[in-house]
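Heads up, the thing below is written out as structure tokens.
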Amino acid sequence: MDIHFSSDDADVSILGASLKTDVTGTVSVTVLAPPVQDKKFKVYASMRKDFGKIAFDLATYPPPLLIISDGPTYDFEIEAIGGTRDAALTIDNIGERTASGIVPVDLPAPFSFKGGSYPGTDGTCNNVLEPGGSCLVVLSFAPSELGLKTATLRLDYKDGSIDRTAERGLQGVGAELGKLVISDDPL
């Protein structure tokens with residue numbers, strides 16, 4: 001039996017639009033849809049003109065969506081010069097697809113992954129995060145000079161062949177330790 005496939009959407013391509021069933025009555029068709037998030041479209045199958053069309057509602061998958069906690073900017077607050085303050089941030093995949101190839105972009109000093117490398121000492125992330133999954137990265141803020149310091153934690157990852165990025169601002173203030181002087185001089 002011949003089956004013809006079509007779509008009214010100009011962005012949708014159907015490979016092998018007219019096919020014959022195999023001995024089990026099964027037919028397979030490849031549908032190429034545009035790489036657009038959660039795009040809905042119809043594909044029609046017709047066997048003969050007098051049978052009409054059967055419509056199939058299809059949709060592209062939404063991309064994985066990595067969210068980094070404590071946003072829009074994580075504040076390490078005030079830390080003494082020469083000291084270190086650590087923070088664990090949660091990475092959540094709230095998308096419907098696996099985020100793969102997760103790679104951090106280097107953090108500028110005085111920020112770093114605790115222990116020197118991703119995901120940081122006691123961090124649980126790796127380079128893949130399943131839908132609904134979460135993991136931890138552990139960061140350190142170790143100021144060596146006075147003042148406000150800012151950076152961006154950036155994780156690059158893939159949604160199939162599409163490159164994506166998750167970001168979280170970081171800030172902290174380097175300060176001198178307080179000094180207390182005790183003297184027997186009268187005021």
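The way I read the labels, and the way they are meant: chains A, B, ... in the order of the structure tokens, residue 1 as the first residue of every chain, and ligand 1 as the first ligand shown, with later ones counted on from there.
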
(message) Need to verify the contact set: A:Val173, 10 Å, only C-alpha atoms, exclusion of same-chain residues closer than 4 positions in sequence. Can you return it as JSON, numbers by chain?
(response) {"A": [75, 76, 77, 78, 79, 80, 81, 141, 142, 143, 145, 146, 147, 148, 149, 150]}

Would you put the residues from that selection into a file with N, CA and C atoms, as a PDB file, in the first residue's frame?
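Contents of selection15.pdb, freshly written:
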```pdb
ATOM      1  N   ASP A  75      26.210  36.784  45.987  1.00  0.00           N
ATOM      2  CA  ASP A  75      27.045  37.732  46.730  1.00  0.00           C
ATOM      3  C   ASP A  75      27.832  36.993  47.815  1.00  0.00           C
ATOM      4  N   PHE A  76      29.152  36.966  47.656  1.00  0.00           N
ATOM      5  CA  PHE A  76      30.026  36.375  48.668  1.00  0.00           C
ATOM      6  C   PHE A  76      30.176  37.300  49.878  1.00  0.00           C
ATOM      7  N   GLU A  77      29.651  38.492  49.762  1.00  0.00           N
ATOM      8  CA  GLU A  77      29.696  39.513  50.796  1.00  0.00           C
ATOM      9  C   GLU A  77      31.137  39.962  51.037  1.00  0.00           C
ATOM     10  N   ILE A  78      31.498  40.228  52.298  1.00  0.00           N
ATOM     11  CA  ILE A  78      32.821  40.778  52.623  1.00  0.00           C
ATOM     12  C   ILE A  78      33.726  39.665  53.136  1.00  0.00           C
ATOM     13  N   GLU A  79      34.935  39.622  52.585  1.00  0.00           N
ATOM     14  CA  GLU A  79      35.937  38.651  53.029  1.00  0.00           C
ATOM     15  C   GLU A  79      37.263  39.370  53.202  1.00  0.00           C
ATOM     16  N   ALA A  80      37.968  39.022  54.265  1.00  0.00           N
ATOM     17  CA  ALA A  80      39.265  39.641  54.541  1.00  0.00           C
ATOM     18  C   ALA A  80      40.279  39.265  53.465  1.00  0.00           C
ATOM     19  N   ILE A  81      41.141  40.210  53.132  1.00  0.00           N
ATOM     20  CA  ILE A  81      42.228  39.931  52.195  1.00  0.00           C
ATOM     21  C   ILE A  81      43.059  38.794  52.769  1.00  0.00           C
ATOM     22  N   PHE A 141      35.881  32.412  46.940  1.00  0.00           N
ATOM     23  CA  PHE A 141      36.205  33.827  46.753  1.00  0.00           C
ATOM     24  C   PHE A 141      37.366  34.105  47.697  1.00  0.00           C
ATOM     25  N   ALA A 142      38.536  34.445  47.140  1.00  0.00           N
ATOM     26  CA  ALA A 142      39.756  34.653  47.924  1.00  0.00           C
ATOM     27  C   ALA A 142      40.402  35.973  47.487  1.00  0.00           C
ATOM     28  N   PRO A 143      39.924  37.096  48.036  1.00  0.00           N
ATOM     29  CA  PRO A 143      40.434  38.394  47.589  1.00  0.00           C
ATOM     30  C   PRO A 143      41.876  38.642  48.025  1.00  0.00           C
ATOM     31  N   GLU A 145      43.116  41.899  47.215  1.00  0.00           N
ATOM     32  CA  GLU A 145      43.159  43.361  47.261  1.00  0.00           C
ATOM     33  C   GLU A 145      41.800  43.902  47.682  1.00  0.00           C
ATOM     34  N   LEU A 146      41.798  45.155  48.072  1.00  0.00           N
ATOM     35  CA  LEU A 146      40.583  45.814  48.548  1.00  0.00           C
ATOM     36  C   LEU A 146      39.584  46.056  47.430  1.00  0.00           C
ATOM     37  N   GLY A 147      38.307  46.058  47.800  1.00  0.00           N
ATOM     38  CA  GLY A 147      37.276  46.519  46.879  1.00  0.00           C
ATOM     39  C   GLY A 147      36.353  45.446  46.353  1.00  0.00           C
ATOM     40  N   LEU A 148      35.348  45.940  45.614  1.00  0.00           N
ATOM     41  CA  LEU A 148      34.345  45.081  45.002  1.00  0.00           C
ATOM     42  C   LEU A 148      34.946  44.342  43.815  1.00  0.00           C
ATOM     43  N   LYS A 149      34.710  43.045  43.759  1.00  0.00           N
ATOM     44  CA  LYS A 149      35.160  42.207  42.644  1.00  0.00           C
ATOM     45  C   LYS A 149      33.928  41.527  42.048  1.00  0.00           C
ATOM     46  N   THR A 150      33.854  41.445  40.729  1.00  0.00           N
ATOM     47  CA  THR A 150      32.727  40.809  40.053  1.00  0.00           C
ATOM     48  C   THR A 150      33.227  39.854  38.974  1.00  0.00           C
TER      49      THR A 150
END
```

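Between atom CA of A:Ser117 and atom CA of A:Glu176 the separation is 27.5 Å.
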
(request) Using DSSP on the backbone coordinates, identify the residues of stretch 39-169 of chain A assigned to strand (DSSP E); present them as number ranges by chain. (result) A: 40-46, 54-59, 66-68, 73-80, 85-93, 99-104, 111-113, 128-129, 134-141, 147-159, 162-169

Find the spatial neighbours of A:Ala87, counting only C-alpha atoms, within a cut-off of 12 Å - ignore same-chain residues fewer than 6 positions away - and output them as a short mmCIF file (atom, residue, chain, number, x, y, z; two decimals) with N, CA, C and O atoms, in the first residue's frame.
```cif
data_model
loop_
_atom_site.label_atom_id
_atom_site.label_comp_id
_atom_site.auth_asym_id
_atom_site.auth_seq_id
_atom_site.Cartn_x
_atom_site.Cartn_y
_atom_site.Cartn_z
N SER A 69 21.46 28.45 40.67
CA SER A 69 20.77 29.03 41.82
C SER A 69 21.37 30.36 42.27
O SER A 69 22.45 30.75 41.83
N ASP A 70 20.65 31.00 43.19
CA ASP A 70 21.11 32.20 43.88
C ASP A 70 21.31 33.39 42.95
O ASP A 70 22.29 34.11 43.06
N TYR A 74 25.16 36.03 42.75
CA TYR A 74 25.50 35.47 44.06
C TYR A 74 26.49 36.41 44.74
O TYR A 74 27.51 36.77 44.15
N ASP A 75 26.21 36.78 45.99
CA ASP A 75 27.05 37.73 46.73
C ASP A 75 27.83 36.99 47.81
O ASP A 75 27.25 36.47 48.76
N PHE A 76 29.15 36.97 47.66
CA PHE A 76 30.03 36.37 48.67
C PHE A 76 30.18 37.30 49.88
O PHE A 76 30.80 36.93 50.85
N GLU A 77 29.65 38.49 49.76
CA GLU A 77 29.70 39.51 50.80
C GLU A 77 31.14 39.96 51.04
O GLU A 77 31.91 40.05 50.10
N PHE A 111 37.93 34.70 42.07
CA PHE A 111 36.95 33.63 42.10
C PHE A 111 37.56 32.37 41.50
O PHE A 111 38.39 32.45 40.58
N SER A 112 37.15 31.21 41.99
CA SER A 112 37.65 29.95 41.44
C SER A 112 36.72 28.83 41.87
O SER A 112 35.86 29.01 42.73
N PHE A 113 36.90 27.67 41.24
CA PHE A 113 36.24 26.48 41.75
C PHE A 113 37.07 26.02 42.94
O PHE A 113 38.31 26.00 42.88
N LYS A 114 36.41 25.68 44.04
CA LYS A 114 37.12 25.27 45.25
C LYS A 114 38.05 24.11 44.92
O LYS A 114 37.64 23.14 44.29
N PRO A 119 34.08 20.38 39.32
CA PRO A 119 33.02 21.24 39.85
C PRO A 119 33.35 21.83 41.22
O PRO A 119 32.46 22.35 41.89
N GLY A 120 34.60 21.78 41.62
CA GLY A 120 35.00 22.24 42.94
C GLY A 120 34.96 21.09 43.94
O GLY A 120 34.19 20.15 43.78
N THR A 121 35.82 21.16 44.96
CA THR A 121 35.84 20.15 46.00
C THR A 121 34.43 20.02 46.59
O THR A 121 33.81 21.02 46.94
N ASP A 122 33.94 18.80 46.68
CA ASP A 122 32.59 18.47 47.16
C ASP A 122 31.49 18.81 46.14
O ASP A 122 30.32 18.61 46.44
N GLY A 123 31.85 19.28 44.96
CA GLY A 123 30.87 19.50 43.90
C GLY A 123 30.46 18.16 43.30
O GLY A 123 31.23 17.20 43.31
N LEU A 136 25.74 20.12 42.22
CA LEU A 136 26.36 21.26 42.90
C LEU A 136 27.70 21.61 42.29
O LEU A 136 28.47 20.73 41.91
N VAL A 137 27.98 22.91 42.23
CA VAL A 137 29.34 23.40 41.99
C VAL A 137 29.73 24.17 43.25
O VAL A 137 28.89 24.80 43.88
N VAL A 138 31.00 24.06 43.63
CA VAL A 138 31.48 24.75 44.82
C VAL A 138 32.53 25.77 44.40
O VAL A 138 33.53 25.41 43.76
N LEU A 139 32.27 27.03 44.72
CA LEU A 139 33.13 28.14 44.33
C LEU A 139 33.82 28.72 45.54
O LEU A 139 33.33 28.61 46.67
N SER A 140 34.95 29.38 45.30
CA SER A 140 35.69 30.09 46.35
C SER A 140 35.90 31.54 45.93
O SER A 140 36.09 31.83 44.74
N PHE A 141 35.88 32.41 46.94
CA PHE A 141 36.21 33.83 46.75
C PHE A 141 37.37 34.10 47.70
O PHE A 141 37.24 33.97 48.91
N ALA A 142 38.54 34.45 47.14
CA ALA A 142 39.76 34.65 47.92
C ALA A 142 40.40 35.97 47.49
O ALA A 142 41.34 35.99 46.69
N LEU A 170 28.57 36.89 39.88
CA LEU A 170 29.22 36.69 41.17
C LEU A 170 29.79 38.03 41.63
O LEU A 170 30.25 38.82 40.82
N GLN A 171 29.77 38.26 42.94
CA GLN A 171 30.43 39.44 43.47
C GLN A 171 30.86 39.19 44.91
O GLN A 171 30.33 38.33 45.60
N GLY A 172 31.87 39.93 45.32
CA GLY A 172 32.37 39.88 46.69
C GLY A 172 33.24 41.10 46.92
O GLY A 172 33.70 41.75 45.98
#
```

(request) Please provide as a PyMOL selection string all residues within 7 Å of A:Leu153, with the sequence filter that same-chain residues fewer than 3 positions apart are discarded (counting only C-alpha atoms). (result) chain A and resi 107+167-170

(request) Record the distance separating atom CA of A:Ser161 and atom CA of A:Val43, expressed in Å with one decimal. (result) 23.9 Å

(request) Using only C-alpha atoms, find the one residue out of A:Asp185, A:Leu177, A:Thr124, A:Phe5 that sits nearest to A:Ala45. (result) A:Phe5

(message) What's around A:Gly132 at 12 Å? Count only C-alpha atoms, leave out sequence neighbours fewer than 2 positions away in its own chain, and write the answer as an NGL selection string.
(response) :A and (64-67 or 91-99 or 129-130 or 134-135)

Store the residues of this selection in a file with C-alpha atoms, as a PDB file, in the first residue's frame.
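This went into out-v1.pdb:
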```pdb
ATOM      1  CA  PRO A  64      17.493  21.699  28.046  1.00  0.00           C
ATOM      2  CA  LEU A  65      17.427  24.647  30.340  1.00  0.00           C
ATOM      3  CA  LEU A  66      20.120  24.879  32.974  1.00  0.00           C
ATOM      4  CA  ILE A  67      19.430  27.241  35.847  1.00  0.00           C
ATOM      5  CA  ILE A  91      22.590  23.651  38.837  1.00  0.00           C
ATOM      6  CA  ASP A  92      19.106  22.433  37.791  1.00  0.00           C
ATOM      7  CA  ASN A  93      18.032  21.075  34.406  1.00  0.00           C
ATOM      8  CA  ILE A  94      14.419  22.253  34.175  1.00  0.00           C
ATOM      9  CA  GLY A  95      14.223  21.346  30.479  1.00  0.00           C
ATOM     10  CA  GLU A  96      12.897  18.164  28.908  1.00  0.00           C
ATOM     11  CA  ARG A  97      16.162  17.044  27.318  1.00  0.00           C
ATOM     12  CA  THR A  98      19.596  16.043  28.548  1.00  0.00           C
ATOM     13  CA  ALA A  99      22.153  18.862  28.721  1.00  0.00           C
ATOM     14  CA  LEU A 129      22.706  16.620  33.434  1.00  0.00           C
ATOM     15  CA  GLU A 130      19.488  14.691  32.817  1.00  0.00           C
ATOM     16  CA  SER A 134      20.461  18.814  39.723  1.00  0.00           C
ATOM     17  CA  CYS A 135      24.025  18.967  40.936  1.00  0.00           C
TER      18      CYS A 135
END
```
